>>> print(open('upload_25.tsv').read())   # TSV, C-alpha atoms and all ligand atoms
chain	number	residue	atom	x	y	z
A	1	MET	CA	32.31	-5.07	0.23
A	2	PRO	CA	31.36	-8.66	1.05
A	3	ASP	CA	33.13	-11.02	-1.32
A	4	GLN	CA	30.12	-13.28	-1.75
A	5	TYR	CA	28.50	-10.69	-4.00
A	6	ASP	CA	31.37	-10.66	-6.50
A	7	ASP	CA	29.86	-13.78	-7.90
A	8	VAL	CA	26.55	-12.01	-8.59
A	9	THR	CA	28.13	-9.12	-10.50
A	10	LYS	CA	30.22	-11.56	-12.51
A	11	GLN	CA	27.08	-13.49	-13.45
A	12	LEU	CA	25.40	-10.28	-14.59
A	13	ALA	CA	28.28	-9.62	-16.96
A	14	ASP	CA	28.19	-13.24	-18.20
A	15	MET	CA	24.49	-12.92	-18.95
A	16	GLY	CA	25.07	-9.90	-21.14
A	17	PHE	CA	23.81	-7.18	-18.81
A	18	GLY	CA	26.99	-5.10	-19.07
A	19	LYS	CA	30.33	-5.24	-17.26
A	20	GLN	CA	30.44	-2.17	-15.06
A	21	TRP	CA	28.37	-3.48	-12.17
A	22	HIS	CA	29.43	-2.93	-8.63
A	23	VAL	CA	27.61	-3.70	-5.42
A	24	VAL	CA	26.84	-0.60	-3.40
A	25	GLU	CA	25.69	-2.55	-0.39
A	26	PRO	CA	23.38	-5.27	0.73
A	27	VAL	CA	20.30	-3.36	1.89
A	28	ARG	CA	19.01	-3.41	5.47
A	29	GLY	CA	19.04	-6.37	7.82
A	30	ASP	CA	15.70	-7.96	7.07
A	31	LEU	CA	16.12	-7.53	3.33
A	32	ARG	CA	19.48	-9.18	3.42
A	33	SER	CA	19.18	-10.86	0.09
A	34	THR	CA	18.25	-7.67	-1.73
A	35	ILE	CA	21.31	-6.11	-3.20
A	36	TRP	CA	21.71	-2.67	-4.58
A	37	ILE	CA	24.03	-2.45	-7.53
A	38	GLN	CA	24.96	0.31	-9.90
A	39	ASN	CA	25.90	0.12	-13.51
A	40	THR	CA	28.10	3.15	-14.08
A	41	GLU	CA	28.35	2.41	-17.78
A	42	LYS	CA	24.59	2.70	-18.34
A	43	GLY	CA	23.82	5.15	-15.53
A	44	LEU	CA	21.45	2.69	-13.89
A	45	ASP	CA	20.87	2.22	-10.21
A	46	VAL	CA	19.31	-1.19	-9.79
A	47	ARG	CA	18.09	-3.18	-6.81
A	48	PHE	CA	17.12	-6.77	-7.09
A	49	GLU	CA	16.86	-9.95	-5.09
A	50	LEU	CA	19.51	-12.50	-5.75
A	51	SER	CA	21.23	-13.81	-2.69
A	52	PRO	CA	24.35	-15.94	-3.03
A	53	ALA	CA	22.23	-18.97	-2.11
A	54	GLU	CA	19.61	-18.17	-4.72
A	55	SER	CA	22.20	-17.59	-7.37
A	56	GLU	CA	22.96	-21.32	-7.06
A	57	ASP	CA	19.37	-22.54	-6.75
A	58	LEU	CA	17.57	-20.60	-9.47
A	59	SER	CA	17.57	-21.46	-13.15
A	60	ASP	CA	19.17	-19.02	-15.57
A	61	ASP	CA	15.75	-18.11	-16.95
A	62	GLU	CA	14.50	-17.17	-13.50
A	63	LYS	CA	17.57	-15.07	-12.79
A	64	GLN	CA	17.37	-13.26	-16.08
A	65	GLN	CA	13.68	-12.52	-15.52
A	66	ARG	CA	14.42	-10.96	-12.13
A	67	ILE	CA	17.22	-8.87	-13.44
A	68	ARG	CA	15.14	-7.65	-16.38
A	69	ASN	CA	12.37	-6.65	-13.98
A	70	ALA	CA	14.82	-4.80	-11.76
A	71	ILE	CA	16.36	-2.95	-14.68
A	72	GLU	CA	12.89	-2.08	-15.96
A	73	ASN	CA	11.97	-0.66	-12.54
A	74	ALA	CA	15.19	1.35	-12.43
A	75	ARG	CA	14.32	2.93	-15.78
A	76	LYS	CA	10.82	3.85	-14.58
A	77	ARG	CA	11.98	5.45	-11.33
A	78	PRO	CA	10.80	9.05	-11.31
A	79	THR	CA	13.32	11.69	-12.19
A	80	GLY	CA	13.20	15.41	-11.50
A	81	PRO	CA	14.25	17.70	-8.70
A	82	GLY	CA	15.31	15.99	-5.51
A	83	GLU	CA	18.47	14.43	-4.21
A	84	ILE	CA	19.11	10.73	-4.05
A	85	SER	CA	19.22	10.09	-0.35
A	86	ARG	CA	18.23	7.45	2.17
A	87	CYS	CA	14.54	6.88	2.70
A	88	PRO	CA	13.84	7.66	6.37
A	89	LEU	CA	11.57	4.62	6.65
A	90	CYS	CA	13.38	1.79	4.91
A	91	SER	CA	16.90	3.12	4.21
A	92	TRP	CA	16.72	2.31	0.52
A	93	ASP	CA	17.90	5.11	-1.69
A	94	ALA	CA	15.03	7.41	-2.61
A	95	LYS	CA	14.39	10.79	-4.19
A	96	VAL	CA	14.16	13.30	-1.37
A	97	ARG	CA	13.20	16.96	-1.76
A	98	SER	CA	13.80	19.00	1.36
A	99	GLY	CA	11.32	21.56	2.65
A	100	ASP	CA	9.15	22.18	5.71
A	101	ALA	CA	8.45	18.53	5.31
A	102	ASP	CA	10.75	16.28	3.29
A	103	HIS	CA	9.04	14.94	0.18
A	104	VAL	CA	10.17	11.37	-0.43
A	105	ILE	CA	9.69	9.09	-3.41
A	106	CYS	CA	10.83	5.58	-2.55
A	107	ASP	CA	10.40	2.35	-4.52
A	108	LEU	CA	9.45	0.49	-1.38
A	109	CYS	CA	7.47	3.09	0.61
A	110	GLY	CA	5.91	5.04	-2.26
A	111	GLU	CA	5.52	8.82	-2.23
A	112	PHE	CA	5.01	10.58	1.11
A	113	LYS	CA	5.98	13.60	3.18
A	114	ILE	CA	7.59	13.60	6.59
A	115	THR	CA	7.87	16.61	8.87
A	116	ARG	CA	11.19	18.01	10.13
A	117	THR	CA	9.96	17.61	13.70
A	118	LEU	CA	9.38	13.92	13.23
A	119	LEU	CA	12.74	13.47	11.53
A	120	ALA	CA	14.37	15.12	14.55
A	121	THR	CA	12.86	12.55	16.93
A	122	PRO	CA	14.37	9.10	17.37
A	123	PHE	CA	11.32	7.54	15.65
A	124	ASN	CA	13.56	5.77	13.18
A	125	ASP	CA	16.19	4.91	15.75
A	126	LYS	CA	17.66	1.68	14.45
A	127	ALA	CA	18.66	0.77	18.00
A	128	SER	CA	15.11	0.94	19.28
A	129	GLU	CA	13.38	-2.40	19.08
A	130	GLU	CA	9.94	-0.82	19.09
A	131	ALA	CA	10.63	1.63	16.26
A	132	ARG	CA	12.25	-1.05	14.15
A	133	GLY	CA	9.22	-3.26	14.59
A	134	LEU	CA	6.87	-0.50	13.42
A	135	LEU	CA	8.77	0.91	10.45
A	136	PRO	CA	7.83	-1.83	7.96
A	137	TYR	CA	4.18	-1.13	8.74
A	138	LEU	CA	4.64	2.58	8.27
A	139	SER	CA	6.04	1.73	4.84
A	140	ALA	CA	2.88	-0.33	4.32
A	141	HIS	CA	0.76	2.71	5.06
A	142	THR	CA	2.60	5.15	2.81
A	143	ARG	CA	2.97	2.65	-0.03
A	144	GLN	CA	-0.72	1.71	-0.08
A	145	ALA	CA	-1.86	5.32	0.18
A	146	SER	CA	0.52	6.20	-2.60
A	147	ALA	CA	-0.88	3.41	-4.77
A	148	ARG	CA	-4.28	5.08	-4.39
A	149	GLY	CA	-2.92	8.50	-5.37
A	150	GLU	CA	-2.75	9.89	-1.83
A	151	VAL	CA	0.39	11.60	-0.52
A	152	VAL	CA	0.42	11.11	3.26
A	153	THR	CA	2.23	13.51	5.60
A	154	LEU	CA	3.80	11.70	8.56
A	155	ASP	CA	4.15	13.73	11.73
A	156	THR	CA	4.85	13.14	15.40
A	157	ARG	CA	1.14	12.79	16.10
A	158	ASN	CA	0.08	10.26	13.50
A	159	TRP	CA	3.01	8.01	12.63
A	160	LYS	CA	2.72	5.45	15.38
A	161	GLN	CA	-1.00	4.90	15.04
A	162	LEU	CA	-0.76	4.63	11.28
A	163	ALA	CA	1.92	1.96	11.64
A	164	LEU	CA	0.02	0.08	14.35
A	165	ALA	CA	-3.09	0.02	12.18
A	166	HIS	CA	-1.20	-2.07	9.60
A	167	LYS	CA	0.70	-4.14	12.12
A	168	THR	CA	-2.54	-5.54	13.51
A	169	THR	CA	-4.08	-6.54	10.17
A	170	PRO	CA	-5.41	-10.11	10.63
A	171	LEU	CA	-3.70	-12.85	8.65
A	172	SER	CA	-6.87	-13.63	6.68
A	173	ARG	CA	-7.04	-10.01	5.58
A	174	ARG	CA	-3.39	-10.03	4.45
A	175	ILE	CA	-4.15	-13.09	2.36
A	176	THR	CA	-7.13	-11.34	0.76
A	177	LYS	CA	-4.98	-8.29	0.03
A	178	LEU	CA	-2.44	-10.49	-1.70
A	179	LEU	CA	-5.17	-12.10	-3.80
A	180	GLU	CA	-6.43	-8.62	-4.70
A	181	LEU	CA	-2.93	-7.57	-5.71
A	182	VAL	CA	-2.58	-10.55	-8.04
A	183	ALA	CA	-6.10	-9.97	-9.38
A	184	SER	CA	-5.40	-6.30	-10.06
A	185	ARG	CA	-2.59	-7.35	-12.40
A	186	SER	CA	-4.20	-10.23	-14.19
A	187	GLU	CA	-6.85	-11.35	-16.56
A	188	PRO	CA	-8.08	-14.89	-15.82
A	189	GLY	CA	-5.35	-17.27	-17.05
A	190	SER	CA	-2.51	-14.77	-17.49
A	191	PRO	CA	0.65	-14.96	-15.36
A	192	VAL	CA	1.63	-12.20	-12.93
A	193	THR	CA	5.10	-11.17	-11.76
A	194	LEU	CA	5.54	-10.21	-8.12
A	195	ASN	CA	8.65	-8.55	-6.76
A	196	LEU	CA	8.55	-9.57	-3.13
A	197	ALA	CA	11.46	-7.40	-1.98
A	198	ALA	CA	9.81	-4.27	-3.34
A	199	GLU	CA	6.13	-5.10	-2.85
A	200	PHE	CA	5.65	-6.64	0.58
A	201	PRO	CA	4.31	-3.32	2.01
A	202	LEU	CA	1.32	-3.59	-0.35
A	203	VAL	CA	-0.11	-6.54	1.61
A	204	ASP	CA	0.74	-5.41	5.16
A	205	ALA	CA	3.59	-7.91	5.32
A	206	LYS	CA	6.59	-7.20	7.50
A	207	SER	CA	9.16	-8.52	5.08
A	208	LYS	CA	9.49	-10.24	1.76
A	209	GLU	CA	9.81	-13.53	3.64
A	210	GLN	CA	6.41	-12.97	5.21
A	211	MET	CA	4.89	-12.17	1.81
A	212	GLY	CA	6.48	-15.40	0.53
A	213	PHE	CA	4.80	-17.28	3.36
A	214	LEU	CA	1.39	-15.87	2.35
A	215	LEU	CA	2.04	-16.79	-1.28
A	216	ASP	CA	2.95	-20.36	-0.31
A	217	TYR	CA	-0.31	-20.62	1.58
A	218	LEU	CA	-2.31	-19.49	-1.47
A	219	VAL	CA	-0.47	-22.01	-3.65
A	220	LYS	CA	-1.10	-24.83	-1.15
A	221	THR	CA	-4.79	-24.03	-0.93
A	222	GLY	CA	-5.17	-23.99	-4.71
A	223	CYS	CA	-5.91	-20.26	-5.12
A	224	LEU	CA	-2.67	-19.58	-7.00
A	225	GLN	CA	-0.38	-21.65	-9.16
A	226	LYS	CA	3.35	-21.00	-9.23
A	227	LEU	CA	4.93	-21.35	-12.66
A	228	PRO	CA	8.50	-22.58	-13.23
A	229	SER	CA	9.34	-19.00	-14.32
A	230	GLY	CA	8.57	-17.80	-10.78
A	231	GLN	CA	5.39	-16.04	-11.93
A	232	TYR	CA	1.96	-16.73	-10.48
A	233	VAL	CA	-1.39	-17.53	-12.08
A	234	MET	CA	-4.67	-17.00	-10.26
A	235	GLU	CA	-6.73	-20.20	-10.22
A	236	VAL	CA	-10.52	-20.27	-10.48
A	237	LYS	CA	-10.67	-20.88	-6.73
A	238	GLY	CA	-8.75	-17.64	-6.17
A	239	TRP	CA	-11.11	-15.63	-8.36
A	240	GLU	CA	-14.08	-17.17	-6.60
A	241	GLN	CA	-12.65	-16.24	-3.23
A	242	LEU	CA	-12.59	-12.58	-4.22
A	243	GLN	CA	-16.27	-12.58	-5.19
A	244	PRO	CA	-16.25	-9.14	-6.76
A	245	THR	CA	-20.02	-9.18	-7.24
A	246	ALA	CA	-20.58	-9.12	-3.49
A	247	GLY	CA	-17.73	-6.77	-2.74
A	248	ILE	CA	-14.39	-7.75	-1.26
A	249	PRO	CA	-14.76	-8.52	2.45
A	250	GLY	CA	-13.13	-5.80	4.53
A	251	ASN	CA	-12.90	-3.15	1.82
A	252	CYS	CA	-14.49	0.11	2.91
A	253	PHE	CA	-14.83	2.91	0.40
A	254	VAL	CA	-14.65	6.34	2.03
A	255	ALA	CA	-16.54	9.10	0.23
A	256	MET	CA	-15.82	12.56	1.62
A	257	SER	CA	-14.57	16.05	0.86
A	258	PHE	CA	-10.79	16.37	0.58
A	259	HIS	CA	-10.80	19.82	2.13
A	260	GLU	CA	-7.85	20.51	4.44
A	261	SER	CA	-10.23	21.13	7.36
A	262	LEU	CA	-11.34	17.49	7.21
A	263	LYS	CA	-7.87	15.98	7.21
A	264	ASP	CA	-8.02	15.34	10.94
A	265	ALA	CA	-11.50	13.80	10.69
A	266	TYR	CA	-10.14	11.31	8.17
A	267	GLU	CA	-6.78	10.50	9.73
A	268	HIS	CA	-7.80	10.35	13.37
A	269	GLY	CA	-11.47	9.55	12.89
A	270	ILE	CA	-12.57	7.45	9.92
A	271	TYR	CA	-9.22	5.89	9.10
A	272	LEU	CA	-8.51	4.65	12.61
A	273	ALA	CA	-12.09	3.49	13.20
A	274	VAL	CA	-12.04	1.33	10.07
A	275	LYS	CA	-8.43	0.21	10.09
A	276	GLU	CA	-7.40	0.05	13.73
A	277	ASP	CA	-10.67	-0.60	15.52
A	278	CYS	CA	-12.37	-2.85	12.96
A	279	LYS	CA	-9.32	-4.28	11.11
A	280	MET	CA	-10.78	-3.43	7.72
A	281	ASP	CA	-9.33	-1.43	4.85
A	282	PRO	CA	-10.36	2.14	4.13
A	283	VAL	CA	-10.01	3.10	0.47
A	284	ARG	CA	-10.14	6.76	-0.46
A	285	ILE	CA	-9.56	8.11	-3.92
A	286	ASP	CA	-8.02	11.53	-4.09
A	287	LEU	CA	-9.31	13.65	-6.91
A	288	VAL	CA	-6.58	14.09	-9.44
A	289	PRO	CA	-7.34	17.07	-11.67
A	290	HIS	CA	-7.38	16.36	-15.41
A	291	ASN	CA	-7.31	12.64	-14.87
A	292	ASP	CA	-9.96	11.17	-17.16
A	293	ASN	CA	-9.75	7.77	-15.52
A	294	ILE	CA	-10.68	8.97	-12.07
A	295	VAL	CA	-14.40	8.31	-12.42
A	296	ASP	CA	-13.72	4.79	-13.74
A	297	LYS	CA	-11.42	4.19	-10.82
A	298	ILE	CA	-13.99	5.41	-8.31
A	299	ILE	CA	-16.67	3.21	-9.86
A	300	ALA	CA	-14.35	0.20	-9.79
A	301	GLU	CA	-13.46	0.77	-6.14
A	302	ILE	CA	-17.09	1.17	-5.12
A	303	ARG	CA	-18.00	-2.04	-6.96
A	304	THR	CA	-15.38	-3.97	-4.99
A	305	CYS	CA	-16.10	-2.47	-1.57
A	306	GLN	CA	-18.02	-4.38	1.09
A	307	PHE	CA	-19.51	-1.17	2.47
A	308	MET	CA	-19.10	2.60	2.34
A	309	VAL	CA	-18.58	5.40	4.81
A	310	ALA	CA	-19.93	8.64	3.35
A	311	ASP	CA	-19.23	11.89	5.15
A	312	PHE	CA	-21.37	14.79	4.00
A	313	THR	CA	-19.51	17.61	5.72
A	314	GLY	CA	-18.85	20.25	3.05
A	315	HIS	CA	-21.67	18.89	0.86
A	316	LYS	CA	-19.64	17.76	-2.13
A	317	ALA	CA	-21.75	16.63	-5.07
A	318	GLY	CA	-19.33	13.72	-5.56
A	319	VAL	CA	-20.17	12.29	-2.16
A	320	TYR	CA	-23.89	12.25	-2.93
A	321	PHE	CA	-23.16	10.56	-6.26
A	322	GLU	CA	-20.87	7.93	-4.75
A	323	ALA	CA	-23.25	7.11	-1.92
A	324	GLY	CA	-26.13	6.77	-4.38
A	325	PHE	CA	-24.09	4.47	-6.60
A	326	ALA	CA	-23.12	2.25	-3.66
A	327	ARG	CA	-26.75	1.96	-2.56
A	328	GLY	CA	-27.72	1.03	-6.10
A	329	LEU	CA	-25.26	-1.87	-5.90
A	330	GLY	CA	-26.77	-2.91	-2.59
A	331	ARG	CA	-23.72	-2.00	-0.52
A	332	PRO	CA	-24.39	-0.78	3.02
A	333	VAL	CA	-23.62	2.93	3.45
A	334	ILE	CA	-22.84	4.51	6.83
A	335	TRP	CA	-23.70	8.21	6.72
A	336	THR	CA	-21.76	10.74	8.77
A	337	CYS	CA	-21.66	14.53	9.05
A	338	ARG	CA	-20.06	17.13	11.32
A	339	GLU	CA	-22.58	18.61	13.73
A	340	ASP	CA	-22.32	22.25	12.60
A	341	ASP	CA	-22.83	21.26	8.97
A	342	PHE	CA	-25.69	18.83	9.37
A	343	LYS	CA	-28.52	21.34	8.90
A	344	LYS	CA	-27.39	21.84	5.31
A	345	VAL	CA	-27.60	18.15	4.42
A	346	HIS	CA	-29.75	17.51	1.39
A	347	PHE	CA	-33.37	16.66	2.13
A	348	ASP	CA	-33.33	13.27	0.34
A	349	ILE	CA	-30.82	11.73	2.70
A	350	VAL	CA	-31.91	13.28	5.99
A	351	GLN	CA	-34.13	10.22	6.41
A	352	PHE	CA	-31.09	7.95	6.86
A	353	SER	CA	-29.70	7.71	10.34
A	354	HIS	CA	-26.51	9.78	10.40
A	355	ILE	CA	-23.62	9.75	12.79
A	356	ILE	CA	-23.47	13.42	13.75
A	357	TRP	CA	-19.96	13.99	15.08
A	358	LYS	CA	-18.23	16.76	17.00
A	359	ASP	CA	-14.54	15.97	16.50
A	360	SER	CA	-12.32	13.22	15.15
A	361	GLY	CA	-12.23	11.29	18.43
A	362	ASP	CA	-16.00	11.29	18.67
A	363	LEU	CA	-16.29	10.25	15.02
A	364	ARG	CA	-13.81	7.40	15.46
A	365	MET	CA	-15.59	5.94	18.46
A	366	ARG	CA	-19.11	6.13	17.07
A	367	LEU	CA	-18.17	4.97	13.60
A	368	ALA	CA	-16.30	1.94	14.97
A	369	ASP	CA	-19.37	1.04	17.06
A	370	ARG	CA	-21.65	1.39	14.05
A	371	ILE	CA	-19.43	-0.75	11.81
A	372	LYS	CA	-19.18	-3.49	14.42
A	373	ALA	CA	-22.94	-3.43	14.88
A	374	THR	CA	-23.96	-3.46	11.23
A	375	ILE	CA	-21.20	-4.81	8.99
A	376	PRO	CA	-20.36	-8.53	9.06
A	377	MET	CA	-16.73	-8.97	10.09
A	378	THR	CA	-14.56	-11.39	8.18
A	379	GLY	CA	-11.15	-11.09	9.84
B	401	ZN	ZN	11.41	3.69	1.75
>>> encode(input="upload_25.tsv", output="structure tokens")
Amino acid sequence: MPDQYDDVTKQLADMGFGKQWHVVEPVRGDLRSTIWIQNTEKGLDVRFELSPAESEDLSDDEKQQRIRNAIENARKRPTGPGEISRCPLCSWDAKVRSGDADHVICDLCGEFKITRTLLATPFNDKASEEARGLLPYLSAHTRQASARGEVVTLDTRNWKQLALAHKTTPLSRRITKLLELVASRSEPGSPVTLNLAAEFPLVDAKSKEQMGFLLDYLVKTGCLQKLPSGQYVMEVKGWEQLQPTAGIPGNCFVAMSFHESLKDAYEHGIYLAVKEDCKMDPVRIDLVPHNDNIVDKIIAEIRTCQFMVADFTGHKAGVYFEAGFARGLGRPVIWTCREDDFKKVHFDIVQFSHIIWKDSGDLRMRLADRIKATIPMTG
């Protein structure tokens, strides 16, 4: 155990957070200042950022706030079946339930599944420069999907492309995502707490340092204000930049059936066309049964999208509703449908020019072309 962390655990005790703290280990190379500590007395397993250097620089108030946040997060961590084990993407400890595919719940990477076949490959080989460079972006994918209620399954076929799609997000888009994150937590004027070590995947950042760099930029340009407590307040300029009435540049709402047979069309067609080929952000809301808020959430996401992709394969009533709502708000809608299903498309929308696709590769190519031709790019 590195001696320099003794100081941190001693400070925790001095601040009244209990005595039985011990450092399990500093976590992962690029998160060096995140430490993982356990309090055996209280049965808590807490991770927080407080490097030896910071423990000298920060005020006591700032330190206490960070520790309180970390303890709060530890209390909220899901419990239930599943072993505490290492997350295959980030190496933090996570809940892992074994099966045909391991089901992982990780504070950093969110909830996702990963197939045995992929786990058996050297995809997460710490010695491989390429894999190491991609893993943070794979965390970005799973974490963001998870935040939208989607549980992604990573396999040997999709993992690399999913990671690359987030690795190539333009800087301007990362900045917008960060503004959106702050906005999603705040009312105008109220301060927001960000936990960089645990939240950088939400904005397609590679590390907490990179997220810090984006935050500094937003402070310098007057979009955010940093308070002495370490919290952030969105300035009027920041709110204006988001322009929710016109939709958030780059946000693409995807309306489609969630049937298993269309999984490939989404993952290798629509998702990659929007994210990889056009550097925009697909947003898809999985239907959660018995969740009363789902309609509100869908409406909110459609209001903030710049445009919509609506796929009519399977003829779900929801897709017709969502596309109609988007048109009512004046958002451009790109209509798509699988060839063998097109004849069943409802009469009212046959008049719009559809992309009639054969397979996911065909869909990806034609959709990307259509987006580039009709939707103003901002990145
Ligand atoms: Zn993880």
>>> residues_near_ligand(input="upload_25.tsv", ligand="ligand ZN 401 (chain B)", cutoff="8 Å", atoms="only C-alpha atoms and all ligand atoms", output="list in words")
Arg86, Cys87, Pro88, Leu89, Cys90, Ser91, Trp92, Asp93, Ala94, Ile105, Cys106, Asp107, Leu108, Cys109, Gly110 and Ser139 of chain A
>>> atom_distance(input="upload_25.tsv", atom1="CA of Ala310 (chain A)", atom2="CA of Phe342 (chain A)")
13.2 Å
>>> atom_distance(input="upload_25.tsv", atom1="CA of Arg327 (chain A)", atom2="CA of Gly247 (chain A)")
12.6 Å
>>> residues_around(input="upload_25.tsv", residues="Thr193 (chain A)", least_positions_apart="6", cutoff="10 Å", atoms="only C-alpha atoms", output="VMD selection string")
chain A and resid 65 to 66 69 182 185 to 186 229 to 233
>>> residues_around(input="upload_25.tsv", residues="Arg284 (chain A)", least_positions_apart="2", cutoff="7 Å", atoms="all atoms listed in the file", output="list in words")
Phe253, Val254, Ala255, Pro282 and Asp286 of chain A
>>> closest_residue(input="upload_25.tsv", among="A:Ala205, A:Leu179, A:Ala101, A:Cys223", to="Leu134 (chain A)", atoms="only C-alpha atoms")
A:Ala205
>>> atom_distance(input="upload_25.tsv", atom1="CA of Arg97 (chain A)", atom2="CA of Leu118 (chain A)")
15.8 Å
>>> residues_around(input="upload_25.tsv", residues="region 235-238 of chain A", least_positions_apart="3", cutoff="8 Å", atoms="all atoms listed in the file", output="list in words")
Leu179, Pro188, Gly189, Gly222, Cys223, Leu224, Gln225, Gln241 and Leu242 of chain A
>>> write_last_selection(input="upload_25.tsv", atoms="C-alpha atoms", output="tab-separated table (two decimals), in the frame of the given file")
chain	number	residue	atom	x	y	z
A	179	LEU	CA	-5.17	-12.10	-3.80
A	188	PRO	CA	-8.08	-14.89	-15.82
A	189	GLY	CA	-5.35	-17.27	-17.05
A	222	GLY	CA	-5.17	-23.99	-4.71
A	223	CYS	CA	-5.91	-20.26	-5.12
A	224	LEU	CA	-2.67	-19.58	-7.00
A	225	GLN	CA	-0.38	-21.65	-9.16
A	241	GLN	CA	-12.65	-16.24	-3.23
A	242	LEU	CA	-12.59	-12.58	-4.22
>>> residues_near_point(input="upload_25.tsv", point="(5.2, 12.4, -3.8)", cutoff="10 Å", atoms="all atoms listed in the file", output="list in words")
Pro78, Lys95, Val96, Arg97, Asp102, His103, Val104, Ile105, Cys106, Gly110, Glu111, Phe112, Lys113, Ser146, Gly149, Glu150, Val151, Val152 and Thr153 of chain A
>>> residues_around(input="upload_25.tsv", residues="Thr304 (chain A)", least_positions_apart="6", cutoff="12 Å", atoms="only C-alpha atoms", output="number ranges by chain")
A: 180, 183-184, 242-253, 281, 283, 297-298, 326, 329-331
>>> closest_residue(input="upload_25.tsv", among="A:Ala197, A:Asp277, A:Leu119, A:Gly18", to="Thr168 (chain A)", atoms="all atoms listed in the file")
A:Asp277
>>> closest_residue(input="upload_25.tsv", among="A:Gly361, A:Pro201, A:Pro228, A:Pro191", to="Lys167 (chain A)", atoms="all atoms listed in the file")
A:Pro201
